[in-house]
Every structure is written in structure tokens, then in C-alpha cells.
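Okay, so here's the structure we're looking at.
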Amino acid sequence: MIRHLAPAPAIATAIALTLSWAALPARADQIWVSNELDDTLSVIDVATLEVIATYPTGQRPRGIIFNSDYTRLYICASDSNAVQVMDPATGQILHDLPSGADPEQFVLSPDDRMLWIANEDDALTTVVDTETRGVVAQIAVGIEPEGMGMSPDGRLQVTTSETTNMAHWIDTETHQIVANSLVDARPRHVEFTPDGTEMWVSSEIGGTVTVFDVASRAELAKIAFSLPGIRPERLQPVGMKFSPDASKIFVALGPSDHVAVIDTASREVIDYILVGRRVWHMALSPDGTQMFTTNGVSGDVTIFDVATHRTIRTVKVGRYPWGAAARPAPAD
Amino acid sequence: MRILSAIALGAASLLSGAAGAETIRIDVIDRQVVPPPILSNLIAAPDDLGLAGAALGLADIRTTGGFMGDDYQLTQTRVAPEAPFLAAMQALLAEGARLLVVKAPAEDLLALADLPEAADAVIFNIAVDHDALRGADCRANLLHTTPSLAMRADALAQFALKKRWTTIALLEGPNPEDAAFAEAIRRAAVKFGLTIAGARAWAFDADMRRVASEEIPAFTQDLPDHDLLFVADERGDFGRYIPYNSWVPRPVAGSEGIMALGFSGVVENWGAAQLQGRFRDLAGREMRATDFAAWAALASIGEVVTRTRDADPAAMRAFLLSDRFRLSGFLGTPLSFRDWDGQLRQPVPLVTDRAVVMTAPLEGFLHEFSELDTLGQDRPDTACTQFGENG
């Protein structure tokens, strides 16, 4: 399987650079979005809520993640079978990492060193050293791994597998699975609470979010959703994101075109926010006040206020926006 | 990469501590039939139709089983066209086979289901879409993972209504399955309020590869005006020559043109691209409806064992028919079984050769309990009385 990784890099990058330099006078916070069916990233200026740059990537970009000082952006280029490393200052792809086949989502270890990558087609979690650019380990997990979470202390990685319906708890030191927890059908996303005590898993087809106690791995709660006028099968939890103070968690409900708001302590659904069509994932603005949702089918990003849940604007991006990541205003 | 993954897999199965677990036996049975003659020599059904879907299902549930400490064994039996079917089935049942995934004609399915030793078995029909098997001829031990004719016809009727192509014409082939499909379309037309303006029986025996362009315009010329031309040609005999040769330019639906199928190689949303990729790696071809039905049968078995920790057929049947069963089947919505006739409640993709046009049930077709039940025989209309405990 030999595929080119970045389409016509010289020309495409030149165009992107022109675009970005022409449009980047203000140094504001940014939200980066991967456009799954356009093989591009869109950069949204948080101050103006406009797309200020579009950069070409490998094929079918999905998960994206910045390192802790925002000098590198990692991109799961699923159909290029690579994780690409981009310099966010220039939009240039620096090199690829050996990701294993069909990388979809990943997490970066707190020390910025190890990328934990879900290989959807191979039922593997691949651990890649971003410095040596080598594969450190491959761990056999269930069919179609996707959701990737890491405990804040970096000791525990959780991979969820969509067709095996499990959360696999992996010791990051030994690279061994230490436990498997069954969840409802088609788990898609994992979030740890910032204090590391709870792990939340969304189940797309099961229509639920399961909360686990990290210490005992016991199931604490299962949260379901209901919205008048929308058939229950369409309430499909996918991406999740905590508010900055972790008092609330926002859950993207896919084809219901809504984001649910759950009170973290009571685990009650307190609100539903109407966004664009088939909402996948979210990113929080660096100041913590605005949430950006990727709406796959409508090809746009909805911005809502984290405190009031009011929608602010919808911004057109590329085809099938999927992943999202925030980057604070570059300092210089 | 492949070598690495094999090593890692070995480690995982050690970890899961599967030792001592009982192996769950599943049988996949292919009753071979002599294919009927058709006009074109180009397209033949793959030799491993259905079997390859079962093999993928096994691989999927084995992976889950590896983490749960369950193991599955798939026994494949092919019965030649001239060989007695029931004797082969009796031998399998005598060996202890109780979870049977079967590709066989309706009469063989019924004969198998009626064997006394199969009374406590769970039989999955993966290939036959006859409505009678979900109606007057239903059997308590017979479940269906392939959509019924009524579901397929209703899906097409919803499409016609959605497009407001409500006046249809019908071309009907000479075979029993054509008559059955045409009948299902007539019933769907009544159910959804379509008008059948006219119908013609296909009655040519010329070789259409040579004369389609001359015969078909004349054949369709005197049909009353219509929005959509339905073709009932379930063997794929003459239907392929209808599009672009009809007297008036009209879209074609049914066995040709836009088709309502349980699955197809063009289904890609809802994670289906991954399923298709795994299937292509395994079988070297695209997944068809019968393969999907076999995969769904295996996946259903695995789902029950994983959730209930019980492979007893009676308990499995009860769980499959309960509202606790929810299968993730790459069609965007959970799949479950109807407790009045054993039919898998499933969306029906409306496809052409190259794309999914829509997936039924279409938006706006509402139902008191599940919109999936706008397709096929609903509880109040069922003629099946074998699932009596569920009313």
C-alpha cells in the first residue's frame, strides 16, 4: 500500500502560506479543525470567528492534537496511514510518524513524548515515541479502537473499541492491558476528569455515557439522553469535553444535531444546545469561555457560550469537519 | 506491522485468562443450489456468499471473546445440490449444533426448523426474504437477519413518496420470486398511497444483449405515464437492460436502478467503511446483503454471550427478542429483533451500483414505537402466531 502522504506539497503549501500570511495580522487565539473529506485543516480566529487559514494535510485527517507548548500539531491522516507532524506557525508538514494503519484518534502523554494512537483497521493501540520517531509498542485491543484517553498523571491509558464495546485500561509503563470494562454499543470517546478520579466513556449506538471510578474501575453511573421530537436512536453520544472548572461536561450527540450539557456532580443532563448537523467533536477556546463544535454533515463549526449555552455563530469550514484543537495566541 | 500485531495478540489472549472457558459452537450452513440461467454471463454470485460474512463475524466476536474469556468455533457445512439436506442437518444436530446460521431456500429452512431435535436451536435465516417466513409460516426457532420482501418494498415506497414520484409502473418477470416482489410492491403502494398506473409481464426469450435497444422501447411504449418504473427481476435476468432503453425517460427501481438491499459494497457511513475494509481484506470482494446477514447473526450471538455470559440457546433467544438487545450494525441506529416474528429490525439502504441514495426508514415516516417498524410487517398486522408469548 503505497500512497503519497501530502498531495503536491510544494504547490499546496505555497498556496496555504499565502492564504495564512495574508490573513494573520492579529495574533489571536485559534481553533484548528480537521476536514475529513477535504484533506485540509481550517484555522479559526477566536477573536473574529473567521477562517484565517486552510492548510493541506494527508488523506482523511481526523484526530488533531497540539503539544503542550503549541509548537507542534499532530494529525491523524487516517487514509495516509500516518500521523503527520505540522509546524503550526507555518502550516508546513515537517515529517510523518509511523502510526500503524488507519490512525483515527490519539492522546499525547503529559510529558509530550509518547503518542498513543488507535489503529482502527488493525485492532491495535500503537505507542510512538515522538522524539526517536519509532514504534515503542503495539497493544492488541478490541475491534475498531477509537476513543483514546489518558489519566492526568499519565499512568493509565484507556482505549475504547467500537465493535468490541469495551474500554481497555492500559498501564503506560508496562504497555499491558490491566482490565477491560464492557460498555454500551460503539464506544467513541474517553475523557478523564481533570482530577483523574473519574473516566467518562460515550457509547454512540448504545446512546449512553458511562462514568467509571478510576481507582476501583467500578461503574458509577450510566447517563441516557432524551429530547422531545427527536427519535431516541438519533441521540448518539460521540465527543465530550469538560468545562474549564469541570463542573459541566458537554456531550456531542451526533445526528441529533445537539450538544448535551451534563452537571458533573449530579450527572444530570441540564441542557441541550442546538448546533450544526452531525456534531462530532469539540474544542474549548483558550480563555475557556467558548466551545467550538465540528458539524460533519453541515460542514461548519458552531460556537456557543460555555456559561450560558447560547450559540454565538456558525462558521463554514471544509467538508466533514471532524477533530478540533485550541491554540492560544502565539507569543512573540 | 502484521508480525508485531500477531505477537501482541498472543500477549493479550494470555492476559485475558481464557483458559478453561467453554468453546461456543456456531454452525454456518450453505445449502447449495444450481443457479438459474440468466441472460448475461457477466455476473455470478460469489462462491463464498454468506460464508465470508460469517467468517468475518467470527473474527469480530472472537476478538471480544478474547477479552471476556469466551471462545467460539465456527463449523462450516456445505450441502451439495443433489445431497439430502435434512440428513446433513440431523447429523450436525446430533453432534450438538444448536446455533445455526443458514443460507438455504425457504422449504429447507422450514424442514430444518421443524425437526424435533432443532426445537431448542436458534436458527438464523441469512438469505431468504419471503414474507411468509415472517408471517403464516414463521417458526419460533427461526430468526431472520436479512430484510423481508415487505421491508424492501416499503423502503422503496417511502423513497417514491419522499421524491413525490407517486405514480409508478411495474415490469414483472416470470419467476415466483418476481411475482412475490411485485406483490410486495403492490402492497407497499397501498400502504404508502402510491398509484400503480400500469404493469407488464416480461415475456421475451430473445437474448437481450443483442436486441434490448429495439425490444424494450416498444415493450414499455404503451405503459401509462409514470414517475418511476419498478422492475421485479430478482434473478437479475432482464432488468439490467431496462434503464436507458425505456420509451420515456424515467428512473428505474426495484431489482435494478435504485435497489433496497440489506447491505451493499457502497454502504460506507456509520463506520461501515471499517466493516467493508475488514471484509475486503478477508474475502477479496465487496460485502453483499447475505454476507452482512451472516455477519449480523454471528455478531448477535457474540453480543448476547458478552452481555449475559450465557450461550444456552433458549436464554439466547429470549435475550435476542428482549428490549435489552441492541446490536451496533453499521447502519446508524441500533438493530434489534421483532418479538412478534423474529425479524431483525434494521435500516434498509437504498442503493445504486455506486452510491447509497438514502437509507430507509426515511425522515418523516413516523411510528409509535420505532421508526424501523415502518418497514415490513408491524406487530398489529402480523400473521405469525409462533411468538405468542409476546402477544
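Ligands are numbered from 1 in the order shown, chains are lettered A, B, ... in the order of the C-alpha cells, and residues start at 1 in each chain.
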
Can you list every residue in segment 211-299 of chain B that DSSP puts in helix (DSSP H, G or I), as a ChimeraX atom specification? /B:211-221,239-241,272-283,289-299

What residues in chain A have any atom no more than 7 Å from chain B when counting only C-alpha atoms, and can you write them as a ChimeraX atom specification? /A:121,138-140,142-143,164,180,185-186,205,233

For Leu156 of chain A, list every protein, DNA or RNA residue within 9 Å, evaluated using only C-alpha atoms, and leave out those in the same chain fewer than 5 positions away; present the list as JSON, numbers by chain. {"A": [149, 150, 151, 169, 170, 171, 172, 173]}

Can you tell me, as a ChimeraX atom specification, what residues are no more than 10 Å from Ala104 of chain B when counting only C-alpha atoms, ignoring any on the same chain fewer than 6 positions away? /B:29-33,79,85,110,112,125-128

I need the residue nearest Arg267 of chain A from this list: A:Asp129, A:Glu198, A:Asp96, A:Asp45. Use only C-alpha atoms for the distance.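 For Arg267 of chain A, the nearest of the given residues is A:Glu198.
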
Pick out the residues sitting within 7 Å of Ile270 of chain A, and hand them over as number ranges by chain; count only C-alpha atoms, and ignore anything fewer than 3 positions along from it in its own chain. A: 261-263

Excluding same-chain residues fewer than 6 positions from Ala180 of chain B, what lies within 9 Å of it counting only C-alpha atoms, as a ChimeraX atom specification? /B:130-131,149,232

For the selection just defined, write its residues with C-alpha atoms to a file, as a PDB file, in the first residue's frame.
```
ATOM      1  CA  HIS B 130     -40.073 -14.343   1.824  1.00  0.00           C
ATOM      2  CA  ASP B 131     -42.735 -12.611   3.844  1.00  0.00           C
ATOM      3  CA  LEU B 149     -39.529  -8.504   0.905  1.00  0.00           C
ATOM      4  CA  ALA B 232     -39.312  -7.102 -10.441  1.00  0.00           C
TER       5      ALA B 232
END
```

Find the distance between atom CA of Val252 of chain B and atom CA of Leu229 of chain B and write it in Å to one decimal.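 Atom-to-atom, atom CA of Val252 of chain B to atom CA of Leu229 of chain B, that is 4.8 Å.
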
Neighbour list for Arg313 of chain A as a PDB file with C-alpha atoms, in the first residue's frame, cut-off 12 Å, only C-alpha atoms, skip fewer than 5 positions in-chain:
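To be explicit, this is the file written out as selection-v3.pdb:
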```
ATOM      1  CA  VAL A  46     -11.277  33.142  18.048  1.00  0.00           C
ATOM      2  CA  THR A  48     -13.146  37.418  14.742  1.00  0.00           C
ATOM      3  CA  LEU A  49     -14.626  33.917  14.378  1.00  0.00           C
ATOM      4  CA  GLU A  50     -13.372  33.766  10.816  1.00  0.00           C
ATOM      5  CA  LEU A 274     -28.792  23.012  19.008  1.00  0.00           C
ATOM      6  CA  VAL A 275     -25.703  23.071  16.769  1.00  0.00           C
ATOM      7  CA  GLY A 276     -24.977  22.052  13.139  1.00  0.00           C
ATOM      8  CA  GLN A 290     -16.454  29.464  24.158  1.00  0.00           C
ATOM      9  CA  MET A 291     -16.956  25.960  22.808  1.00  0.00           C
ATOM     10  CA  PHE A 292     -16.362  25.108  19.147  1.00  0.00           C
ATOM     11  CA  THR A 293     -18.180  22.070  17.702  1.00  0.00           C
ATOM     12  CA  ASP A 300     -19.349  24.035   9.674  1.00  0.00           C
ATOM     13  CA  VAL A 301     -18.365  24.861  13.230  1.00  0.00           C
ATOM     14  CA  THR A 302     -20.855  26.134  15.821  1.00  0.00           C
ATOM     15  CA  ILE A 303     -19.597  28.355  18.609  1.00  0.00           C
ATOM     16  CA  PHE A 304     -21.533  28.545  21.868  1.00  0.00           C
ATOM     17  CA  ASP A 305     -21.019  30.265  25.188  1.00  0.00           C
TER      18      ASP A 305
END
```

DSSP on the backbone: what in segment 53-295 of chain B comes out strand (DSSP E), as an NGL selection string? :B and (71-79 or 99-103 or 122-125 or 142-144 or 167-172 or 195-201 or 228-232 or 252-254 or 259-260)
